[in-house]
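Shown below: final-v1.cif, with mmCIF, C-alpha atoms.
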```cif
data_upload
loop_
_atom_site.label_atom_id
_atom_site.label_comp_id
_atom_site.auth_asym_id
_atom_site.auth_seq_id
_atom_site.Cartn_x
_atom_site.Cartn_y
_atom_site.Cartn_z
CA MET A 1 -9.69 -11.64 1.57
CA VAL A 2 -6.29 -10.62 2.92
CA ILE A 3 -4.76 -7.60 1.17
CA LEU A 4 -1.17 -6.39 1.41
CA GLY A 5 -1.01 -2.64 0.78
CA ILE A 6 2.38 -1.16 -0.11
CA ASP A 7 3.38 2.50 -0.18
CA PRO A 8 6.56 2.29 -2.25
CA GLY A 9 9.69 4.18 -1.37
CA ILE A 10 13.41 3.77 -1.08
CA ALA A 11 14.14 5.09 2.42
CA THR A 12 10.78 4.03 3.87
CA VAL A 13 8.35 1.49 2.42
CA GLY A 14 5.00 1.52 4.18
CA PHE A 15 2.95 -1.66 4.43
CA GLY A 16 -0.49 -2.57 5.67
CA VAL A 17 -2.10 -5.99 5.79
CA ILE A 18 -5.85 -5.98 6.24
CA ALA A 19 -8.50 -8.63 6.60
CA ALA A 20 -12.07 -8.53 7.80
CA ALA A 21 -11.04 -9.49 11.33
CA ASN A 22 -7.78 -7.63 11.95
CA GLY A 23 -4.89 -5.73 10.47
CA ARG A 24 -1.15 -5.22 10.73
CA PHE A 25 0.84 -2.24 9.59
CA GLY A 26 4.27 -0.75 9.83
CA ALA A 27 7.20 0.29 7.70
CA ILE A 28 10.35 -1.13 6.23
CA THR A 29 12.98 1.56 6.72
CA LYS A 30 16.41 1.38 5.16
CA PRO A 31 17.86 4.89 4.96
CA HIS A 32 21.61 5.54 5.00
CA GLN A 33 22.64 2.43 3.07
CA LEU A 34 23.91 1.91 -0.43
CA LEU A 35 21.04 1.77 -2.93
CA GLU A 36 21.77 -1.82 -3.93
CA THR A 37 21.81 -2.92 -0.28
CA ARG A 38 18.49 -1.17 0.39
CA LEU A 39 16.93 -2.79 -2.68
CA CYS A 40 17.99 -6.27 -1.53
CA GLU A 41 16.63 -5.64 1.96
CA ILE A 42 13.33 -4.22 0.64
CA HIS A 43 12.90 -7.29 -1.59
CA ASP A 44 13.65 -9.65 1.30
CA ALA A 45 11.34 -7.79 3.71
CA VAL A 46 8.42 -7.74 1.26
CA THR A 47 8.96 -11.45 0.53
CA GLU A 48 8.90 -12.12 4.29
CA LEU A 49 5.65 -10.11 4.66
CA ILE A 50 4.09 -12.23 1.92
CA TRP A 51 5.24 -15.49 3.51
CA ARG A 52 4.10 -14.43 6.99
CA HIS A 53 0.68 -12.99 6.14
CA LYS A 54 -0.19 -14.98 2.99
CA PRO A 55 -2.15 -12.18 1.31
CA ASP A 56 -4.49 -12.93 -1.57
CA CYS A 57 -3.24 -9.89 -3.48
CA MET A 58 -1.18 -6.72 -3.23
CA ALA A 59 -2.28 -3.12 -3.80
CA ILE A 60 0.47 -0.64 -4.64
CA GLU A 61 0.47 3.05 -5.41
CA GLU A 62 1.15 4.20 -8.95
CA LEU A 63 3.92 6.75 -8.83
CA PHE A 64 3.62 10.35 -9.87
CA PHE A 65 6.50 12.79 -9.58
CA ASN A 66 6.79 16.26 -10.97
CA VAL A 67 9.67 17.84 -9.07
CA ASN A 68 12.63 15.70 -7.96
CA VAL A 69 13.73 13.33 -10.75
CA LYS A 70 16.51 11.78 -8.61
CA THR A 71 14.01 10.79 -5.93
CA ALA A 72 11.63 9.48 -8.59
CA VAL A 73 14.27 7.21 -10.08
CA ASP A 74 15.29 5.82 -6.67
CA VAL A 75 11.66 5.21 -5.64
CA CYS A 76 11.06 3.47 -8.97
CA HIS A 77 13.95 1.13 -8.18
CA GLY A 78 12.30 0.31 -4.85
CA ARG A 79 8.90 -0.14 -6.47
CA GLY A 80 10.44 -2.48 -9.00
CA VAL A 81 11.83 -4.86 -6.39
CA ILE A 82 8.51 -4.76 -4.52
CA LEU A 83 6.70 -5.77 -7.72
CA LEU A 84 9.32 -8.46 -8.32
CA ALA A 85 8.83 -9.91 -4.83
CA ALA A 86 5.05 -10.05 -5.31
CA ALA A 87 5.30 -11.52 -8.81
CA LYS A 88 7.74 -14.21 -7.67
CA GLN A 89 5.22 -15.22 -4.98
CA GLY A 90 2.38 -15.34 -7.52
CA LEU A 91 0.39 -12.47 -6.01
CA ASP A 92 -2.12 -10.58 -8.09
CA ILE A 93 -1.04 -6.93 -8.15
CA TYR A 94 -3.42 -3.97 -8.29
CA GLU A 95 -2.27 -0.39 -8.82
CA TYR A 96 -4.07 2.75 -7.71
CA THR A 97 -3.41 6.44 -8.22
CA PRO A 98 -3.38 8.82 -5.24
CA LEU A 99 -6.65 10.29 -6.58
CA GLN A 100 -8.32 6.84 -6.58
CA ILE A 101 -7.09 6.10 -3.05
CA LYS A 102 -8.39 9.41 -1.68
CA GLN A 103 -11.72 8.99 -3.47
CA SER A 104 -12.16 5.49 -2.08
CA VAL A 105 -11.13 6.19 1.51
CA VAL A 106 -12.40 9.77 2.02
CA GLY A 107 -14.96 10.14 -0.74
CA TYR A 108 -13.10 13.07 -2.28
CA GLY A 109 -10.18 12.66 -4.69
CA ARG A 110 -8.50 15.91 -3.68
CA ALA A 111 -8.62 15.23 0.08
CA GLU A 112 -5.75 16.35 2.28
CA LYS A 113 -3.33 13.76 3.66
CA SER A 114 -4.62 14.40 7.20
CA GLN A 115 -8.18 13.57 6.07
CA VAL A 116 -7.03 10.27 4.56
CA MET A 117 -5.14 9.37 7.72
CA ASP A 118 -8.11 10.17 9.95
CA MET A 119 -10.43 8.06 7.78
CA VAL A 120 -7.97 5.14 7.92
CA ARG A 121 -8.09 5.42 11.71
CA ARG A 122 -11.89 5.54 11.74
CA ILE A 123 -12.50 2.77 9.19
CA CYS A 124 -10.08 0.42 10.96
CA GLY A 125 -11.39 1.34 14.41
CA LEU A 126 -7.95 2.39 15.66
CA LYS A 127 -7.24 4.68 18.59
CA SER A 128 -4.59 6.55 16.61
CA VAL A 129 -3.38 6.89 13.05
CA PRO A 130 -0.88 4.21 11.99
CA ARG A 131 2.71 5.44 12.13
CA PRO A 132 4.83 6.22 10.26
CA ASP A 133 2.75 8.06 7.64
CA ASP A 134 3.87 5.49 5.04
CA ALA A 135 2.11 2.76 7.03
CA ALA A 136 -1.13 4.78 7.07
CA ASP A 137 -0.77 5.29 3.30
CA ALA A 138 -0.31 1.55 2.81
CA VAL A 139 -3.42 0.77 4.86
CA ALA A 140 -5.32 3.31 2.74
CA LEU A 141 -4.14 1.44 -0.37
CA ALA A 142 -5.35 -1.86 1.04
CA LEU A 143 -8.71 -0.31 1.98
CA CYS A 144 -8.99 1.18 -1.51
CA HIS A 145 -8.52 -2.24 -3.05
CA ALA A 146 -10.92 -3.87 -0.58
CA ARG A 147 -13.61 -1.40 -1.59
CA SER A 148 -12.79 -1.68 -5.29
CA SER A 149 -12.78 -5.47 -5.30
CA THR A 150 -16.14 -5.69 -3.53
CA SER A 151 -17.76 -3.13 -5.83
CA LEU A 152 -20.92 -4.25 -7.57
CA LEU A 153 -19.29 -3.06 -10.79
CA ASN A 154 -16.57 -5.71 -10.37
CA ARG A 155 -19.19 -8.40 -9.76
CA GLY A 156 -21.49 -7.52 -12.63
CA GLY A 157 -24.09 -6.23 -10.18
CA ARG A 158 -25.12 -9.78 -9.21
CA GLU A 159 -23.99 -9.95 -5.58
CA GLU A 160 -24.39 -7.91 -2.44
CA CYS A 161 -21.59 -5.50 -1.70
CA SER A 162 -19.63 -6.03 1.53
CA THR A 163 -17.04 -3.76 3.08
CA ILE A 164 -14.48 -4.15 5.80
#
```

Since I need it in another form, could you write the structure as structure tokens?
Amino acid sequence: MVILGIDPGIATVGFGVIAAANGRFGAITKPHQLLETRLCEIHDAVTELIWRHKPDCMAIEELFFNVNVKTAVDVCHGRGVILLAAAKQGLDIYEYTPLQIKQSVVGYGRAEKSQVMDMVRRICGLKSVPRPDDAADAVALALCHARSSTSLLNRGGREECSTI
């Protein structure tokens, strides 16, 4: 299974594509542009990622904001065009909360960001943590979905569990 993980944003959108054999990660950065221009470029870049890597599904973070409403609204715009790009390409979309991602990758839902990043590095067998941080977050999302989708609970307990 090939999974496209997306860490939504408006200035930086992290992405990670994982498969059993390899992975790709990086970020789509579009700061200092008009919002509508950034949204078009985010949509086009996510569509290009889908065409290039042909993922079986996309995992995206559910958003939670409690401080800056302006940032929340802008990020929601970005998340919306990301969801649109995936839906137009027929991808199944799975959403995970930060708590679920941390629980899946680290084993503790209240883990620190540095712990998540280090586990991403270890699980993927990388020499260093993916950069920027948004890329590491996107890989964590993809790993979370990989572990969730191979769970015995999702298979009715009938098959062996495999992990990446």

Residue contacts of Arg122 of chain A (12 Å, all atoms listed in the file) excluding same-chain residues fewer than 4 positions away, as a ChimeraX atom specification: /A:105-106,115-118,126-130,136,139-140,143,164

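Excluding Leu99 of chain A itself and same-chain residues fewer than 6 positions from it, the residues having an atom within 10 Å of it are Tyr108, Gly109, Arg110 and Ala111 of chain A, counting all atoms listed in the file.
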
ask   = Using all atoms listed in the file, which residues sit within 8 Å of segment 80-87 of chain A once same-chain residues fewer than 4 positions away are excluded, as a VMD selection string?
value = chain A and resid 8 39 to 40 42 to 44 46 to 47 50 58 76 91 to 93

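Closest to Ser104 of chain A among A:Leu141, A:Ala45, A:Leu34, A:Val17 is A:Leu141, based on only C-alpha atoms.
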
List the residues selected by the PyMOL selection byres ((chain A and resi 63) around 12) in the file shown, writing them as a ChimeraX atom specification. /A:6-9,60-62,64-66,69,71-80,95-99

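Distance annotation: of A:Pro55, A:Gly90, A:Gly107, A:Gly16, the residue with the minimal separation from Arg147 of chain A is A:Gly107; atom set is only C-alpha atoms.
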
Using all atoms listed in the file, the best pick from A:Leu49, A:Ala11, A:Met1, A:Ala59 as closest to Phe25 of chain A would be A:Leu49

Pairwise distance, atom CA of Lys54 of chain A with atom CA of Val2 of chain A, equals 7.5 Å
